[in-house]
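Asker: A single structure is presented below for examination.
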Amino acid sequence: MSEAASRPRIGVYPGTFDPITNGHLDIIARAARILPRLVIGVAINAGKGPLFPLEERVALVRAETERVAQASGTEIAVAAFDTLLVEFARSVGATVILRGLRAVSDFDYEFQMAGMNYRLAPDIETVFLMASERHQFISSRFVKEIALLGGDITSFVPTLTRERVLERLGGGAA
Ligand code: ADP
């Protein structure tokens with residue numbers, strides 16, 4: 001076996017995770033089925049005006065993914081990054097970038113990002129995964145909007161995240 005083939009394949013799953021949703025978790029569980037090591041990269045993404053500060057997004061992703069790591073045996077690390085994605089991937093030894101694909105609306109952006117990242121780092125492959133039908137339509141943005149307007153977000157996010165969203169929006173227990 002060549003040296004490259006014997007190295008464990010490491011994947012990076014980047015995102016804003018503001019907050020982590022059941023859609024993200026579905027993608028993470030799928031990635032954990034095919035890779036022995038996964039690094040979830042939480043982007044600072046100040047431009048998106050996140051609801052949660054970076055440290056809290058990282059802490060929530062860490063807490064909510066513990067169970068996936070245990071169940072799959074895949075090593076899952078969570079780290080914040082504010083560099084180019086391909087640089088972050090290289091810094092953790094990853095050769096695969098994972099992205100989730102929802103509807104057609106994601107395609108254009110994801111297509112451009114994958115193409116440009118490939119040009120920047122042809123040794124790193126972008127792989128797209130689809131969440132189950134149940135979770136495909138979930139987005140962090142709508143979770144926040146629904147919660148803000150007093151709607152029930154129970155089926156969109158994991159338990160701890162739901163509590164934190166409600167606390168942050170000052171909605172108390174709903
Ligand atoms: P970004 O700001 O990079 O889009 P997000 O946290 O919104 O960060 O999403 C991270 C990745 O997860 C993206 O590839 C996005 O398409 C994917 N994703 C988010 N929600 C879902 C979902 N419900 N089903 C499948 N993929 C998803």
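Lettering and numbering for the structure tokens are positional, with chains as A, B, ... in the shown order, residues counted from 1 in each chain, and ligands counted from 1 in the shown order.
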Please write out the residues within 8 Å of ligand 1 as a VMD selection string, counting only C-alpha atoms and all ligand atoms.
Answerer: chain A and resid 13 to 24 26 to 27 43 45 48 98 to 102 106 110 128 to 132 135 to 141
Asker: I need the residues from that last selection saved to file as a short mmCIF file (atom, residue, chain, number, x, y, z; two decimals), in the first residue's frame (with N, CA and C atoms), if you can.
Answerer:
```
data_model
loop_
_atom_site.label_atom_id
_atom_site.label_comp_id
_atom_site.auth_asym_id
_atom_site.auth_seq_id
_atom_site.Cartn_x
_atom_site.Cartn_y
_atom_site.Cartn_z
N TYR A 13 -15.60 19.62 7.51
CA TYR A 13 -16.95 20.07 7.22
C TYR A 13 -17.07 21.51 7.72
N PRO A 14 -17.00 22.48 6.79
CA PRO A 14 -17.04 23.87 7.21
C PRO A 14 -18.46 24.46 7.18
N GLY A 15 -18.68 25.43 8.03
CA GLY A 15 -19.97 26.10 8.00
C GLY A 15 -20.00 27.20 9.04
N THR A 16 -21.12 27.90 9.09
CA THR A 16 -21.27 28.96 10.07
C THR A 16 -21.88 28.39 11.36
N PHE A 17 -22.73 27.41 11.20
CA PHE A 17 -23.37 26.72 12.33
C PHE A 17 -23.97 27.72 13.33
N ASP A 18 -24.84 28.57 12.82
CA ASP A 18 -25.42 29.64 13.65
C ASP A 18 -26.93 29.50 13.75
N PRO A 19 -27.45 28.50 14.45
CA PRO A 19 -26.77 27.44 15.19
C PRO A 19 -26.75 26.14 14.39
N ILE A 20 -26.12 25.12 14.99
CA ILE A 20 -26.14 23.78 14.39
C ILE A 20 -27.59 23.28 14.36
N THR A 21 -27.96 22.62 13.27
CA THR A 21 -29.34 22.12 13.12
C THR A 21 -29.33 20.60 12.92
N ASN A 22 -30.52 20.02 12.88
CA ASN A 22 -30.61 18.58 12.59
C ASN A 22 -30.16 18.28 11.16
N GLY A 23 -30.20 19.28 10.29
CA GLY A 23 -29.69 19.11 8.92
C GLY A 23 -28.17 18.93 8.95
N HIS A 24 -27.48 19.82 9.69
CA HIS A 24 -26.03 19.68 9.84
C HIS A 24 -25.69 18.32 10.46
N ASP A 26 -27.29 15.56 10.43
CA ASP A 26 -27.52 14.48 9.47
C ASP A 26 -26.30 14.34 8.55
N ILE A 27 -25.81 15.48 8.06
CA ILE A 27 -24.63 15.47 7.18
C ILE A 27 -23.41 14.92 7.94
N ALA A 43 -16.81 28.70 10.90
CA ALA A 43 -16.30 29.94 10.30
C ALA A 43 -16.76 31.14 11.12
N ASN A 45 -17.28 34.21 10.07
CA ASN A 45 -18.38 34.74 9.26
C ASN A 45 -19.10 35.95 9.83
N LYS A 48 -22.11 37.62 8.12
CA LYS A 48 -23.46 37.09 8.19
C LYS A 48 -24.20 37.59 9.44
N LEU A 98 -16.22 18.55 2.95
CA LEU A 98 -17.59 18.07 2.85
C LEU A 98 -18.54 19.24 2.87
N ARG A 99 -19.53 19.20 2.01
CA ARG A 99 -20.57 20.23 2.05
C ARG A 99 -21.91 19.52 1.92
N GLY A 100 -22.93 20.15 2.47
CA GLY A 100 -24.26 19.57 2.36
C GLY A 100 -24.97 20.26 1.21
N LEU A 101 -25.79 19.51 0.49
CA LEU A 101 -26.58 20.12 -0.59
C LEU A 101 -28.05 20.00 -0.24
N ARG A 102 -28.71 21.13 -0.30
CA ARG A 102 -30.16 21.09 -0.10
C ARG A 102 -30.81 21.21 -1.47
N ASP A 106 -29.01 25.99 -3.27
CA ASP A 106 -27.64 25.85 -2.78
C ASP A 106 -26.66 25.65 -3.91
N GLU A 110 -22.57 26.64 -4.08
CA GLU A 110 -21.70 25.50 -3.78
C GLU A 110 -20.83 25.14 -4.99
N PHE A 128 -20.08 16.28 -1.88
CA PHE A 128 -21.39 16.75 -1.44
C PHE A 128 -22.22 15.61 -0.88
N LEU A 129 -22.89 15.89 0.22
CA LEU A 129 -23.78 14.89 0.82
C LEU A 129 -25.17 15.51 0.93
N MET A 130 -26.18 14.66 0.86
CA MET A 130 -27.55 15.15 1.03
C MET A 130 -28.12 14.62 2.33
N ALA A 131 -28.82 15.48 3.04
CA ALA A 131 -29.47 15.04 4.27
C ALA A 131 -30.70 14.22 3.91
N SER A 132 -31.25 13.54 4.89
CA SER A 132 -32.48 12.77 4.64
C SER A 132 -33.60 13.76 4.30
N HIS A 135 -34.82 16.23 6.83
CA HIS A 135 -33.98 17.33 7.31
C HIS A 135 -33.49 18.26 6.22
N GLN A 136 -33.80 17.90 4.97
CA GLN A 136 -33.21 18.63 3.85
C GLN A 136 -33.53 20.12 3.80
N PHE A 137 -34.71 20.46 4.23
CA PHE A 137 -35.15 21.85 4.06
C PHE A 137 -34.74 22.74 5.23
N ILE A 138 -34.13 22.15 6.26
CA ILE A 138 -33.83 22.94 7.47
C ILE A 138 -32.67 23.90 7.22
N SER A 139 -32.83 25.15 7.66
CA SER A 139 -31.71 26.09 7.58
C SER A 139 -31.62 26.87 8.89
N SER A 140 -30.39 27.20 9.27
CA SER A 140 -30.17 27.96 10.51
C SER A 140 -30.96 29.27 10.46
N ARG A 141 -30.98 29.85 9.28
CA ARG A 141 -31.64 31.15 9.13
C ARG A 141 -33.12 31.07 9.50
#
```
Asker: From chain A, collect each residue whose DSSP state is strand (DSSP E) and return the set as number ranges by chain.
Answerer: A: 10-15, 37-43, 75-81, 96-101, 125-130
Asker: Mind giving me the straight-line distance from CA of Leu25 in chain A to CA of Leu169 in chain A in Å, one decimal?
Answerer: 22.4 Å
Asker: With distances taken over only C-alpha atoms, which residue among A:Val58, A:Ile146, A:Val127, A:Leu160 lies nearest Ala80 in chain A?
Answerer: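 Selected residue with least distance to Ala80 in chain A: A:Val58.
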Asker: Nearest to Glu163 in chain A: which of A:Val78, A:Ile44, A:Leu60, A:Arg37 is it, counting only C-alpha atoms?
Answerer: A:Leu60
Asker: Tell me which protein, DNA and RNA residues are within 9 Å of Leu148 in chain A, counting only C-alpha atoms, leaving out same-chain ones fewer than 4 positions away, and put them as a PDB file with C-alpha atoms, in the first residue's frame.
Answerer:
```pdb
ATOM      1  CA  VAL A 143     -34.712  28.325  12.668  1.00  0.00           C
ATOM      2  CA  LYS A 144     -33.808  31.776  13.995  1.00  0.00           C
ATOM      3  CA  LEU A 166     -34.675  30.381  23.165  1.00  0.00           C
ATOM      4  CA  LEU A 169     -33.843  35.339  21.903  1.00  0.00           C
ATOM      5  CA  GLY A 170     -35.213  35.928  25.386  1.00  0.00           C
ATOM      6  CA  GLY A 171     -38.192  33.714  24.702  1.00  0.00           C
TER       7      GLY A 171
END
```
Asker: Please compute the CA of Glu125 in chain A-CA of Arg9 in chain A distance, one decimal, in Å.
Answerer: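 Computing the Euclidean distance for CA of Glu125 in chain A and CA of Arg9 in chain A yields 11.5 Å.
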Asker: Which residues come within 8 Å of range 70-72 of chain A, counting only C-alpha atoms, excluding same-chain residues fewer than 6 positions away, as a list of chain:residue names?
Answerer: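 My reading of the contact set: A:Ala29, A:Ala32, A:Arg33.
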Asker: May I ask which of the residues A:Leu85, A:Thr95, A:Ile28, A:Pro53 is the closest one to Gly41 in chain A, counting only C-alpha atoms?
Answerer: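 Answer, going by the shortest atom-to-atom distance: A:Leu85.
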Asker: Have a look at A:Glu75, A:Glu56, A:Asp152, A:Glu167 and name the one nearest to Leu35 in chain A; count only C-alpha atoms.
Answerer: A:Glu75
Asker: Excluding Ala94 in chain A and any residue of its chain fewer than 5 positions from it, enumerate the residues within 6 Å of it, using only C-alpha atoms, and give them as a ChimeraX atom specification.
Answerer: /A:10-11,89
Asker: Using only C-alpha atoms, please write the residues we just selected to a file, as a PDB file, in the first residue's frame.
Answerer:
```pdb
ATOM      1  CA  ILE A  10      -9.487  13.356   7.135  1.00  0.00           C
ATOM      2  CA  GLY A  11     -12.494  15.411   6.113  1.00  0.00           C
ATOM      3  CA  ALA A  89      -8.147  22.054   5.489  1.00  0.00           C
TER       4      ALA A  89
END
```
Asker: If I take CA of Val86 in chain A and CA of Asp108 in chain A, how far is one from the other in Å, to one decimal?
Answerer: 19.3 Å
Asker: Check the DSSP output for the backbone and give back, as a PyMOL selection string, the residues of range 26-143 of chain A in helix (DSSP H, G or I).
Answerer: chain A and resi 26-34+46-48+54-72+85-91+104-120+140-143
Asker: Which of these residues is nearest to Ile76 in chain A, using only C-alpha atoms: A:Gly47, A:Val96, A:Gln112, A:Leu38?
Answerer: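 Smallest separation from Ile76 in chain A among the options: A:Leu38.
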